[in-house]
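Note: the block below is final_34.txt and it holds compact mmCIF, C-alpha atoms.
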```txt
# COMPACT_ATOMS: atom_id res chain seq x y z
CA MET W 1 4.07 5.88 -18.82
CA SER W 2 6.22 3.39 -20.70
CA GLN W 3 4.64 0.08 -21.67
CA GLU W 4 7.53 -1.43 -23.63
CA LEU W 5 10.98 -2.01 -22.23
CA ASN W 6 14.08 -0.57 -23.86
CA HIS W 7 16.33 -3.61 -24.23
CA GLU W 8 19.35 -1.75 -25.59
CA LEU W 9 20.79 -0.54 -22.27
CA ASN W 10 22.34 -2.50 -19.44
CA TYR W 11 20.71 -0.71 -16.54
CA ASP W 12 22.50 -0.84 -13.20
CA HIS W 13 19.79 0.58 -10.90
CA VAL W 14 16.02 0.93 -10.53
CA LEU W 15 14.43 4.01 -8.97
CA ILE W 16 11.22 3.11 -7.12
CA ARG W 17 8.61 5.77 -6.34
CA TYR W 18 5.68 5.52 -3.96
CA GLY W 19 2.76 7.91 -4.04
CA GLU W 20 0.08 7.36 -1.39
CA LEU W 21 2.68 6.46 1.25
CA ALA W 22 3.97 10.01 1.15
CA LEU W 23 0.68 11.15 2.73
CA LYS W 24 0.96 8.95 5.82
CA GLY W 25 2.56 11.53 8.12
CA LYS W 26 3.91 10.10 11.35
CA ASN W 27 3.09 6.54 10.24
CA ARG W 28 5.01 6.90 7.00
CA LYS W 29 8.07 5.03 8.25
CA LEU W 30 5.98 1.95 9.06
CA PHE W 31 4.59 1.89 5.53
CA GLU W 32 8.03 2.44 3.98
CA ASN W 33 9.56 -0.35 6.06
CA GLN W 34 6.81 -2.78 5.06
CA LEU W 35 7.25 -1.89 1.40
CA GLN W 36 10.98 -2.55 1.65
CA GLU W 37 10.31 -5.88 3.33
CA ASN W 38 7.85 -6.88 0.59
CA ILE W 39 10.26 -5.92 -2.19
CA ARG W 40 13.09 -7.87 -0.58
CA SER W 41 10.80 -10.87 -0.18
CA GLN W 42 9.80 -10.82 -3.85
CA LEU W 43 13.44 -10.47 -4.97
CA LYS W 44 15.04 -12.70 -2.34
CA ASP W 45 16.53 -15.12 -4.89
CA LEU W 46 18.20 -12.31 -6.87
CA ASN W 47 21.54 -10.65 -6.18
CA VAL W 48 20.17 -7.14 -5.72
CA LYS W 49 20.55 -4.51 -2.99
CA LEU W 50 17.80 -2.13 -1.85
CA LYS W 51 18.60 1.32 -0.46
CA LYS W 52 16.24 3.97 0.90
CA THR W 53 16.62 7.73 0.56
CA HIS W 54 14.05 10.43 1.28
CA GLY W 55 10.94 9.70 -0.78
CA ARG W 56 12.67 7.11 -2.96
CA LEU W 57 13.95 3.56 -3.00
CA TYR W 58 16.94 2.62 -5.14
CA LEU W 59 17.56 -0.94 -6.23
CA ASP W 60 21.15 -1.78 -7.16
CA LEU W 61 20.84 -4.56 -9.75
CA GLN W 62 24.41 -5.81 -9.18
CA GLY W 63 24.43 -7.58 -12.52
CA GLU W 64 20.84 -8.86 -12.51
CA SER W 65 18.75 -8.02 -15.56
CA PHE W 66 16.12 -5.32 -15.29
CA GLU W 67 13.69 -7.55 -17.24
CA THR W 68 13.66 -10.09 -14.39
CA VAL W 69 13.18 -7.44 -11.72
CA HIS W 70 10.55 -5.64 -13.82
CA GLU W 71 8.29 -8.73 -13.91
CA ARG W 72 8.19 -8.80 -10.11
CA LEU W 73 8.11 -5.11 -9.23
CA LYS W 74 4.96 -4.50 -11.26
CA HIS W 75 2.97 -6.76 -8.93
CA ILE W 76 4.08 -5.22 -5.62
CA PHE W 77 1.46 -3.01 -3.98
CA GLY W 78 2.66 0.31 -2.60
CA ILE W 79 4.80 1.17 -5.65
CA SER W 80 3.36 4.02 -7.74
CA SER W 81 5.99 3.84 -10.51
CA TYR W 82 9.56 2.79 -11.17
CA SER W 83 12.27 3.48 -13.73
CA PRO W 84 15.37 1.60 -14.88
CA ALA W 85 18.32 3.92 -14.27
CA LEU W 86 21.96 4.49 -15.11
CA LYS W 87 24.06 5.68 -12.20
CA THR W 88 26.84 8.17 -12.86
CA SER W 89 29.06 10.60 -10.99
CA LEU W 90 28.04 14.15 -10.08
CA GLU W 91 30.27 15.66 -12.76
CA LEU W 92 28.31 17.61 -15.36
CA LYS W 93 30.11 15.96 -18.28
CA ALA W 94 29.35 12.47 -16.97
CA ILE W 95 25.66 13.33 -16.56
CA GLN W 96 25.47 14.76 -20.07
CA GLU W 97 27.15 11.74 -21.67
CA THR W 98 24.96 9.27 -19.76
CA ALA W 99 21.83 11.15 -20.82
CA LEU W 100 23.01 11.07 -24.43
CA LYS W 101 23.62 7.34 -24.15
CA ALA W 102 20.11 6.82 -22.80
CA ILE W 103 18.40 8.77 -25.60
CA ARG W 104 20.47 7.09 -28.31
CA SER W 105 19.46 3.64 -27.10
CA HIS W 106 15.79 4.13 -27.97
CA SER W 107 14.51 2.20 -30.96
CA PRO W 108 12.88 3.60 -32.95
CA PHE W 109 14.77 6.81 -32.30
CA PRO W 110 12.41 9.51 -30.95
CA LYS W 111 11.58 12.75 -32.70
CA THR W 112 11.01 14.76 -29.53
CA PHE W 113 12.26 14.80 -25.94
CA LYS W 114 12.56 16.91 -22.84
CA VAL W 115 14.76 16.87 -19.74
CA SER W 116 13.31 16.88 -16.21
CA THR W 117 15.77 17.31 -13.34
CA LYS W 118 15.14 16.75 -9.62
CA ARG W 119 17.91 18.12 -7.42
CA ALA W 120 17.68 16.54 -3.96
CA ASN W 121 21.33 17.46 -3.41
CA LYS W 122 21.13 21.21 -2.78
CA HIS W 123 24.93 21.51 -2.74
CA PHE W 124 25.06 20.60 -6.42
CA PRO W 125 26.31 23.73 -8.25
CA HIS W 126 23.57 23.89 -10.91
CA THR W 127 19.85 24.41 -10.37
CA SER W 128 17.27 22.01 -11.81
CA GLN W 129 16.39 24.45 -14.59
CA GLU W 130 20.05 24.95 -15.48
CA MET W 131 20.53 21.20 -15.69
CA ASN W 132 17.51 20.88 -17.97
CA HIS W 133 19.17 23.35 -20.37
CA LYS W 134 22.71 21.97 -20.10
CA VAL W 135 21.72 18.32 -20.56
CA GLY W 136 19.15 19.14 -23.27
CA ALA W 137 21.64 21.24 -25.24
CA HIS W 138 24.26 18.48 -25.08
CA VAL W 139 21.77 15.93 -26.42
CA LEU W 140 20.64 18.26 -29.24
CA ILE W 141 24.22 19.02 -30.35
CA HIS W 142 25.13 15.34 -30.59
CA THR W 143 22.01 13.99 -32.32
CA ASP W 144 20.18 14.58 -35.59
CA ASN W 145 16.46 15.08 -36.21
CA LEU W 146 15.60 15.53 -32.54
CA LYS W 147 13.57 18.41 -31.11
CA VAL W 148 12.53 19.59 -27.65
CA ASP W 149 8.84 19.29 -26.76
CA VAL W 150 8.12 20.19 -23.14
CA HIS W 151 4.40 19.28 -23.37
CA LYS W 152 4.14 15.86 -25.07
CA PRO W 153 7.65 14.50 -25.66
CA GLU W 154 8.16 10.99 -26.99
CA VAL W 155 10.93 10.53 -24.42
CA GLU W 156 11.35 12.25 -21.06
CA LEU W 157 14.95 12.21 -19.84
CA MET W 158 14.75 12.21 -16.05
CA VAL W 159 17.80 13.29 -14.07
CA GLU W 160 17.90 12.81 -10.30
CA ILE W 161 20.75 14.51 -8.46
CA ARG W 162 21.42 12.80 -5.12
CA GLU W 163 24.11 13.24 -2.48
CA ASP W 164 26.43 10.57 -3.81
CA ALA W 165 25.54 10.22 -7.50
CA ALA W 166 23.23 11.14 -10.35
CA TYR W 167 20.66 8.77 -11.87
CA ILE W 168 19.57 9.03 -15.49
CA MET W 169 16.29 7.52 -16.68
CA SER W 170 14.30 7.58 -19.91
CA GLN W 171 11.39 5.27 -19.06
CA LYS W 172 8.76 5.13 -16.34
CA PHE W 173 6.61 2.07 -15.62
CA LYS W 174 3.35 2.19 -13.69
CA GLY W 175 3.36 0.27 -10.42
CA ALA W 176 0.50 -1.61 -8.77
CA GLY W 177 -0.30 1.37 -6.52
CA GLY W 178 -2.23 1.02 -3.29
CA LEU W 179 -0.64 0.28 0.08
CA PRO W 180 2.06 -2.28 0.95
CA VAL W 181 0.56 -5.66 1.84
CA GLY W 182 0.71 -6.09 5.60
CA THR W 183 0.09 -2.48 6.64
CA SER W 184 -3.68 -2.79 7.20
CA GLY W 185 -4.09 -6.02 9.17
CA LYS W 186 -5.45 -9.45 8.22
CA VAL W 187 -8.82 -10.75 7.03
CA MET W 188 -10.24 -14.15 6.21
CA LEU W 189 -11.22 -14.31 2.52
CA MET W 190 -14.16 -16.57 1.68
CA LEU W 191 -12.64 -18.08 -1.45
CA SER W 192 -14.86 -20.04 -3.82
CA GLY W 193 -13.81 -21.36 -7.18
CA GLY W 194 -15.65 -18.60 -9.01
CA ILE W 195 -14.58 -15.38 -10.69
CA ASP W 196 -15.49 -12.91 -7.96
CA SER W 197 -13.78 -13.91 -4.71
CA PRO W 198 -10.20 -14.02 -6.10
CA VAL W 199 -10.72 -10.47 -7.41
CA ALA W 200 -11.99 -9.44 -3.96
CA GLY W 201 -8.81 -10.91 -2.47
CA TYR W 202 -6.66 -8.97 -4.92
CA LEU W 203 -8.42 -5.70 -4.06
CA CYS W 204 -7.94 -6.40 -0.34
CA LEU W 205 -4.22 -6.74 -1.00
CA LYS W 206 -4.24 -3.39 -2.78
CA ARG W 207 -5.43 -1.71 0.42
CA GLY W 208 -2.59 -3.25 2.41
CA LEU W 209 -4.52 -6.20 3.86
CA ARG W 210 -3.16 -9.69 4.22
CA PHE W 211 -5.65 -12.52 3.85
CA GLU W 212 -6.02 -16.19 4.60
CA GLY W 213 -8.36 -18.07 2.28
CA VAL W 214 -11.34 -20.08 3.54
CA HIS W 215 -12.81 -22.59 1.10
CA PHE W 216 -15.83 -24.83 1.78
CA HIS W 217 -15.42 -28.28 0.23
CA SER W 218 -18.28 -30.80 0.01
CA PHE W 219 -16.70 -34.08 -1.05
CA PRO W 220 -18.01 -36.21 -2.76
CA PHE W 221 -20.59 -33.71 -4.04
CA THR W 222 -17.70 -31.54 -5.21
CA SER W 223 -14.64 -33.20 -6.72
CA GLU W 224 -10.95 -33.07 -5.83
CA ARG W 225 -10.53 -31.06 -9.04
CA ALA W 226 -12.74 -28.33 -7.54
CA LYS W 227 -10.44 -28.28 -4.52
CA GLN W 228 -7.35 -28.14 -6.73
CA LYS W 229 -8.91 -25.26 -8.65
CA VAL W 230 -9.04 -23.19 -5.43
CA ILE W 231 -5.46 -24.14 -4.60
CA ASP W 232 -4.45 -22.93 -8.07
CA LEU W 233 -6.33 -19.67 -7.53
CA SER W 234 -4.44 -19.24 -4.25
CA LYS W 235 -1.17 -19.84 -6.07
CA GLN W 236 -2.00 -17.12 -8.55
CA LEU W 237 -2.97 -14.69 -5.80
CA SER W 238 0.29 -15.45 -3.98
CA ARG W 239 2.02 -13.73 -6.89
CA TYR W 240 0.72 -10.49 -5.36
CA ALA W 241 0.35 -11.51 -1.71
CA GLY W 242 3.38 -13.62 -1.03
CA PRO W 243 2.69 -17.07 0.52
CA VAL W 244 -1.05 -17.65 1.02
CA THR W 245 -2.53 -19.72 3.84
CA LEU W 246 -5.61 -21.61 2.66
CA HIS W 247 -8.10 -23.27 5.02
CA ILE W 248 -10.23 -26.00 3.40
CA VAL W 249 -13.36 -26.59 5.48
CA PRO W 250 -15.25 -29.92 5.25
CA PHE W 251 -18.80 -28.82 4.55
CA THR W 252 -20.58 -32.02 3.45
CA GLU W 253 -22.25 -32.81 6.77
CA ILE W 254 -23.51 -29.26 7.20
CA GLN W 255 -25.01 -29.14 3.72
CA THR W 256 -26.59 -32.56 4.21
CA GLU W 257 -28.20 -31.38 7.46
CA ILE W 258 -29.46 -28.21 5.78
CA LYS W 259 -30.92 -30.30 2.94
CA LYS W 260 -32.78 -32.48 5.48
CA HIS W 261 -34.18 -29.83 7.79
CA VAL W 262 -34.42 -26.50 5.95
CA PRO W 263 -36.96 -25.55 3.25
CA ASP W 264 -35.38 -25.29 -0.19
CA GLU W 265 -35.93 -21.53 -0.58
CA TYR W 266 -34.00 -20.81 2.65
CA SER W 267 -31.16 -23.31 2.12
CA ILE W 268 -28.71 -20.82 0.57
CA THR W 269 -29.39 -18.28 3.32
CA ILE W 270 -28.76 -20.82 6.09
CA MET W 271 -25.72 -22.18 4.28
CA ARG W 272 -24.21 -18.72 4.01
CA ARG W 273 -24.93 -18.03 7.68
CA MET W 274 -23.13 -21.25 8.61
CA MET W 275 -20.19 -20.29 6.40
CA MET W 276 -20.03 -16.90 8.07
CA ARG W 277 -19.99 -18.48 11.55
CA ILE W 278 -17.20 -20.88 10.58
CA THR W 279 -15.16 -18.12 8.95
CA GLU W 280 -15.52 -15.97 12.07
CA ALA W 281 -14.35 -18.90 14.23
CA LEU W 282 -11.31 -19.33 11.98
CA ALA W 283 -10.69 -15.58 12.13
CA LYS W 284 -10.61 -15.72 15.93
CA LYS W 285 -8.32 -18.75 15.84
CA HIS W 286 -5.85 -17.16 13.43
CA LYS W 287 -6.06 -13.60 14.75
CA ALA W 288 -7.75 -11.96 11.76
CA LEU W 289 -9.83 -8.83 12.27
CA GLY W 290 -12.37 -9.11 9.47
CA ILE W 291 -14.03 -11.24 6.79
CA ALA W 292 -13.87 -10.51 3.05
CA THR W 293 -16.23 -11.86 0.39
CA GLY W 294 -16.69 -11.56 -3.36
CA GLU W 295 -20.30 -10.41 -3.12
CA SER W 296 -21.71 -7.71 -5.39
CA VAL W 297 -25.12 -6.17 -4.74
CA GLY W 298 -27.88 -7.82 -6.77
CA GLN W 299 -25.64 -10.18 -8.75
CA VAL W 300 -27.32 -13.37 -7.46
CA ALA W 301 -30.20 -14.17 -5.10
CA SER W 302 -28.00 -14.40 -2.00
CA GLN W 303 -26.48 -10.98 -2.71
CA THR W 304 -29.50 -8.75 -2.30
CA LEU W 305 -29.27 -6.20 0.49
CA GLU W 306 -31.92 -8.15 2.41
CA SER W 307 -29.86 -11.35 2.13
CA MET W 308 -26.66 -9.59 3.25
CA HIS W 309 -28.58 -8.11 6.20
CA THR W 310 -29.80 -11.56 7.27
CA ILE W 311 -26.46 -13.31 6.71
CA ASN W 312 -24.48 -10.62 8.55
CA GLU W 313 -26.58 -11.16 11.69
CA VAL W 314 -24.47 -14.13 12.78
CA THR W 315 -21.14 -12.27 13.00
CA ASN W 316 -19.86 -9.22 14.80
CA TYR W 317 -16.79 -9.07 12.56
CA PRO W 318 -16.61 -6.42 9.85
CA VAL W 319 -17.51 -7.95 6.49
CA LEU W 320 -15.59 -6.37 3.61
CA ARG W 321 -17.12 -6.55 0.13
CA PRO W 322 -14.64 -4.90 -2.28
CA LEU W 323 -16.81 -5.73 -5.31
CA VAL W 324 -20.06 -4.45 -3.84
CA THR W 325 -20.71 -1.79 -6.55
CA MET W 326 -19.05 -3.51 -9.53
CA ASP W 327 -20.85 -5.19 -12.39
CA LYS W 328 -19.74 -8.53 -13.84
CA VAL W 329 -17.90 -6.97 -16.77
CA GLU W 330 -15.72 -4.88 -14.44
CA ILE W 331 -14.98 -7.92 -12.26
CA ILE W 332 -14.08 -10.10 -15.26
CA ASP W 333 -11.77 -7.39 -16.57
CA ILE W 334 -9.77 -7.41 -13.33
CA ALA W 335 -9.79 -11.22 -13.17
CA GLN W 336 -8.29 -11.42 -16.66
CA ARG W 337 -5.67 -8.83 -15.81
CA ILE W 338 -4.49 -10.60 -12.64
CA GLY W 339 -4.51 -14.09 -14.18
CA THR W 340 -7.32 -15.73 -12.19
CA TYR W 341 -10.06 -15.72 -14.84
CA ASP W 342 -8.93 -18.78 -16.84
CA ILE W 343 -8.67 -20.80 -13.63
CA SER W 344 -12.04 -19.61 -12.32
CA ILE W 345 -13.96 -20.66 -15.44
CA LEU W 346 -12.74 -24.27 -15.31
CA PRO W 347 -15.89 -26.47 -15.12
CA TYR W 348 -15.44 -27.77 -11.56
CA GLU W 349 -18.35 -26.71 -9.37
CA ASP W 350 -18.10 -25.50 -5.77
CA CYS W 351 -20.53 -26.36 -2.97
CA CYS W 352 -22.69 -23.29 -3.54
CA THR W 353 -23.31 -24.23 -7.18
CA VAL W 354 -24.03 -27.91 -6.50
CA PHE W 355 -26.65 -27.15 -3.83
CA GLN W 356 -28.22 -24.17 -5.58
CA PRO W 357 -32.03 -24.28 -5.06
CA LYS W 358 -34.46 -23.62 -7.91
CA ASN W 359 -36.23 -20.71 -6.18
CA PRO W 360 -34.01 -19.18 -3.50
CA LYS W 361 -35.46 -16.58 -1.18
CA THR W 362 -34.26 -13.17 -2.37
CA LYS W 363 -35.55 -11.28 0.68
CA PRO W 364 -34.99 -13.67 3.58
CA ASP W 365 -36.23 -12.67 7.02
CA ARG W 366 -33.80 -12.70 9.96
CA LEU W 367 -36.34 -14.11 12.41
CA ALA W 368 -37.40 -16.86 9.99
CA ALA W 369 -33.77 -17.83 9.38
CA SER W 370 -33.08 -18.01 13.13
CA ARG W 371 -36.13 -20.23 13.70
CA LEU W 372 -35.11 -22.61 10.91
CA GLU W 373 -31.62 -22.91 12.41
CA GLU W 374 -33.17 -24.23 15.64
CA ARG W 375 -33.60 -27.50 13.73
CA LEU W 376 -29.80 -27.77 13.48
CA ASP W 377 -27.12 -28.29 16.11
CA VAL W 378 -25.40 -25.13 14.91
CA GLU W 379 -22.74 -24.90 17.62
CA GLU W 380 -21.58 -28.51 17.21
CA LEU W 381 -21.59 -28.37 13.40
CA VAL W 382 -19.43 -25.24 13.45
CA LYS W 383 -17.08 -26.74 16.04
CA GLN W 384 -16.58 -29.95 14.05
CA ALA W 385 -16.01 -28.05 10.79
CA VAL W 386 -13.32 -25.86 12.37
CA GLU W 387 -11.60 -28.80 14.09
CA ASN W 388 -11.45 -30.80 10.84
CA THR W 389 -10.30 -27.94 8.61
CA GLU W 390 -7.25 -28.71 6.47
CA THR W 391 -4.70 -25.91 6.25
CA LEU W 392 -2.33 -25.45 3.33
CA ARG W 393 0.41 -22.91 2.61
CA VAL W 394 0.64 -22.01 -1.05
CA THR W 395 3.40 -20.13 -2.84
CA TYR W 396 3.62 -18.86 -6.40
CA GLU W 397 7.29 -19.51 -7.13
CA GLU W 398 7.29 -23.09 -5.85
CA GLN W 399 3.93 -23.92 -7.44
CA GLU W 400 3.33 -26.48 -4.74
CA LYS W 401 1.40 -26.76 -1.51
CA GLU W 402 2.63 -27.57 1.97
CA THR W 403 0.21 -29.04 4.49
CA ILE W 404 0.64 -27.29 7.84
CA ASP W 405 -2.25 -28.62 9.96
CA HIS W 406 0.24 -29.60 12.64
CA LEU W 407 1.19 -25.94 13.16
CA PHE W 408 -2.23 -25.05 14.54
```

What do you get writing this file as structure tokens?
Amino acid sequence: MSQELNHELNYDHVLIRYGELALKGKNRKLFENQLQENIRSQLKDLNVKLKKTHGRLYLDLQGESFETVHERLKHIFGISSYSPALKTSLELKAIQETALKAIRSHSPFPKTFKVSTKRANKHFPHTSQEMNHKVGAHVLIHTDNLKVDVHKPEVELMVEIREDAAYIMSQKFKGAGGLPVGTSGKVMLMLSGGIDSPVAGYLCLKRGLRFEGVHFHSFPFTSERAKQKVIDLSKQLSRYAGPVTLHIVPFTEIQTEIKKHVPDEYSITIMRRMMMRITEALAKKHKALGIATGESVGQVASQTLESMHTINEVTNYPVLRPLVTMDKVEIIDIAQRIGTYDISILPYEDCCTVFQPKNPKTKPDRLAASRLEERLDVEELVKQAVENTETLRVTYEEQEKETIDHLF
């Protein structure tokens, strides 16, 4: 697929394709409608018009530049690929001339090409194969040093014949894939300031999930810069998610109580169990159906299977771990690609890092953890944390936060 944009043409349309959605059967319309809603939301400040036909979406640019639209479309989940297009009439001559214009605009000029026609309009007088020959012959006659290569052409001229018009394309850009955000429900994402959890959030979005972030802040042990770092990560994720709701949980009192009453080797286990309880309470409050984390098996002491088993005991909610089988190199690669890595590595520590024990228990026992928690007023600590949670709404385009505690 194309990686570089052809700047020579003034495209008037974009053809948007979706792959996995086509397999959704009776639910397909719901997925298509959500995708349209997400596209309109991302392009709401532009003077464009979106139209749906069978198996395709067409975006009428109405004077907007494809470059601007391109930068936004590539981040929208549910799109498998898209192509800038030139719309023309259904007359053969017009299609031939538009195809010639498209091929001539490429710089450097290609040595090989092929024509691929899709004829959704079955009343059109020429078959797809006939159009491949007629358009290809016209291009060959009116150009020099150009050959047909049906296997590995430098340029593929794509012709789509629809009911009202024909669309000519010579480039195809890969979309984000996955499912449209909002088609799979909502989860609460346990969002630290590290590398892993933002990537987990991104992968949740790819499967059509919406998320609300939950961050545990232990002021003054962790600074306001650590809090801002998580807000900035949420801003970056909102590029893919749309506006992100972020819940900042005051965690100082809980960590202080754990420090007083729990042996050092079990402190991380109890801390994670408390975080899980609070996140579940927030999930109930905000009507989420699951919890997502950035855990990967064996990466740190609290991410052994035994630790996950013990931590999971305190919630009945499904806990999604999109990174569970990935190694650090794979996670970093995604983080760099989605723009969260440089924010994540800023040297502002979160509460987990600050209170990290020297010798954490790697195989904590459920019964032992439950007995240790009897030293804490677990129910009251969770209640107070939820009641005092600060809620922000973060958007990418505005690059600012809006406090919305009063809404809840």

* To do: With a distance cut-off of 7 Å and all atoms listed in the file, select the neighbouring residues of range 75-91 of chain W, excluding the residue or stretch itself and same-chain residues fewer than 4 positions from it, and output the selection as JSON, numbers by chain.
  => {"W": [11, 12, 13, 14, 15, 16, 17, 18, 19, 35, 66, 95, 165, 166, 167, 168, 169, 171, 172, 173, 174, 175, 176, 177, 178, 179, 180, 181, 206, 240]}

* Structure fact -> CA of Lys227 in chain W sits from CA of Glu295 in chain W at a separation of 20.5 Å

* Asked: Closest to Phe219 in chain W among W:Glu253, W:Phe109, W:Ala200, W:Leu320, using all atoms listed in the file?
  ->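 Under the stated criterion, the closest residue is W:Glu253.
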
* How many Å separate CA of Val262 in chain W from CA of Thr315 in chain W? -> 20.7 Å

* Among listed residues W:Lys52, W:Thr325, W:Glu212, W:Gln129, nearest Gly242 in chain W (using all atoms listed in the file) -> W:Glu212

* Find the residues around Val230 in chain W up to 10 Å (only C-alpha atoms counted), leave out those fewer than 3 positions away in its own chain, and share them as a PyMOL selection string. => chain W and resi 191-194+198+213-215+217+225-227+233-236+246+248+343-344+348+350

Saved selection, atoms kept: C-alpha atoms, as a PDB file, in the frame of the given file:
```
ATOM      1  CA  LEU W 191     -12.640 -18.080  -1.450  1.00  0.00           C
ATOM      2  CA  SER W 192     -14.860 -20.040  -3.820  1.00  0.00           C
ATOM      3  CA  GLY W 193     -13.810 -21.360  -7.180  1.00  0.00           C
ATOM      4  CA  GLY W 194     -15.650 -18.600  -9.010  1.00  0.00           C
ATOM      5  CA  PRO W 198     -10.200 -14.020  -6.100  1.00  0.00           C
ATOM      6  CA  GLY W 213      -8.360 -18.070   2.280  1.00  0.00           C
ATOM      7  CA  VAL W 214     -11.340 -20.080   3.540  1.00  0.00           C
ATOM      8  CA  HIS W 215     -12.810 -22.590   1.100  1.00  0.00           C
ATOM      9  CA  HIS W 217     -15.420 -28.280   0.230  1.00  0.00           C
ATOM     10  CA  ARG W 225     -10.530 -31.060  -9.040  1.00  0.00           C
ATOM     11  CA  ALA W 226     -12.740 -28.330  -7.540  1.00  0.00           C
ATOM     12  CA  LYS W 227     -10.440 -28.280  -4.520  1.00  0.00           C
ATOM     13  CA  LEU W 233      -6.330 -19.670  -7.530  1.00  0.00           C
ATOM     14  CA  SER W 234      -4.440 -19.240  -4.250  1.00  0.00           C
ATOM     15  CA  LYS W 235      -1.170 -19.840  -6.070  1.00  0.00           C
ATOM     16  CA  GLN W 236      -2.000 -17.120  -8.550  1.00  0.00           C
ATOM     17  CA  LEU W 246      -5.610 -21.610   2.660  1.00  0.00           C
ATOM     18  CA  ILE W 248     -10.230 -26.000   3.400  1.00  0.00           C
ATOM     19  CA  ILE W 343      -8.670 -20.800 -13.630  1.00  0.00           C
ATOM     20  CA  SER W 344     -12.040 -19.610 -12.320  1.00  0.00           C
ATOM     21  CA  TYR W 348     -15.440 -27.770 -11.560  1.00  0.00           C
ATOM     22  CA  ASP W 350     -18.100 -25.500  -5.770  1.00  0.00           C
TER      23      ASP W 350
END
```

* Please measure the separation of CA of Glu330 in chain W and CA of Thr183 in chain W, giving the value in Å to one decimal. => 26.5 Å

* **Test item: residues at most 7 Å from Thr279 in chain W, all atoms listed in the file, excluding those fewer than 4 positions along its chain, as a ChimeraX atom specification** => /W:188,214,275,283

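Compared by their closest atoms to Phe31 in chain W, and using all atoms listed in the file, the residues W:Ser184, W:Thr245, W:Thr53, W:Asn359 rank with W:Ser184 nearest.
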
* Contacts of Ser128 in chain W within 10 Å, all atoms listed in the file, excl. fewer than 4 positions in-chain, as a PyMOL selection string -> chain W and resi 115-120+122+124+132-134+159-161

Can I get the selected residues back with C-alpha atoms, as an mmCIF file, in the frame of the given file?
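For reference, out01.cif as written:
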```cif
data_model
loop_
_atom_site.group_PDB
_atom_site.id
_atom_site.type_symbol
_atom_site.label_atom_id
_atom_site.label_comp_id
_atom_site.auth_asym_id
_atom_site.auth_seq_id
_atom_site.Cartn_x
_atom_site.Cartn_y
_atom_site.Cartn_z
ATOM 1 C CA VAL W 115 14.760 16.870 -19.740
ATOM 2 C CA SER W 116 13.310 16.880 -16.210
ATOM 3 C CA THR W 117 15.770 17.310 -13.340
ATOM 4 C CA LYS W 118 15.140 16.750 -9.620
ATOM 5 C CA ARG W 119 17.910 18.120 -7.420
ATOM 6 C CA ALA W 120 17.680 16.540 -3.960
ATOM 7 C CA LYS W 122 21.130 21.210 -2.780
ATOM 8 C CA PHE W 124 25.060 20.600 -6.420
ATOM 9 C CA ASN W 132 17.510 20.880 -17.970
ATOM 10 C CA HIS W 133 19.170 23.350 -20.370
ATOM 11 C CA LYS W 134 22.710 21.970 -20.100
ATOM 12 C CA VAL W 159 17.800 13.290 -14.070
ATOM 13 C CA GLU W 160 17.900 12.810 -10.300
ATOM 14 C CA ILE W 161 20.750 14.510 -8.460
#
```

Mind working out the centre and edge lengths of an axis-aligned box for range 371-386 of chain W, all listed atoms inside, 6 Å added to each side, rounded to one decimal in Å and written as JSON?
```
{"center_x": -24.7, "center_y": -25.1, "center_z": 14.2, "size_x": 34.8, "size_y": 21.7, "size_z": 18.8}
```
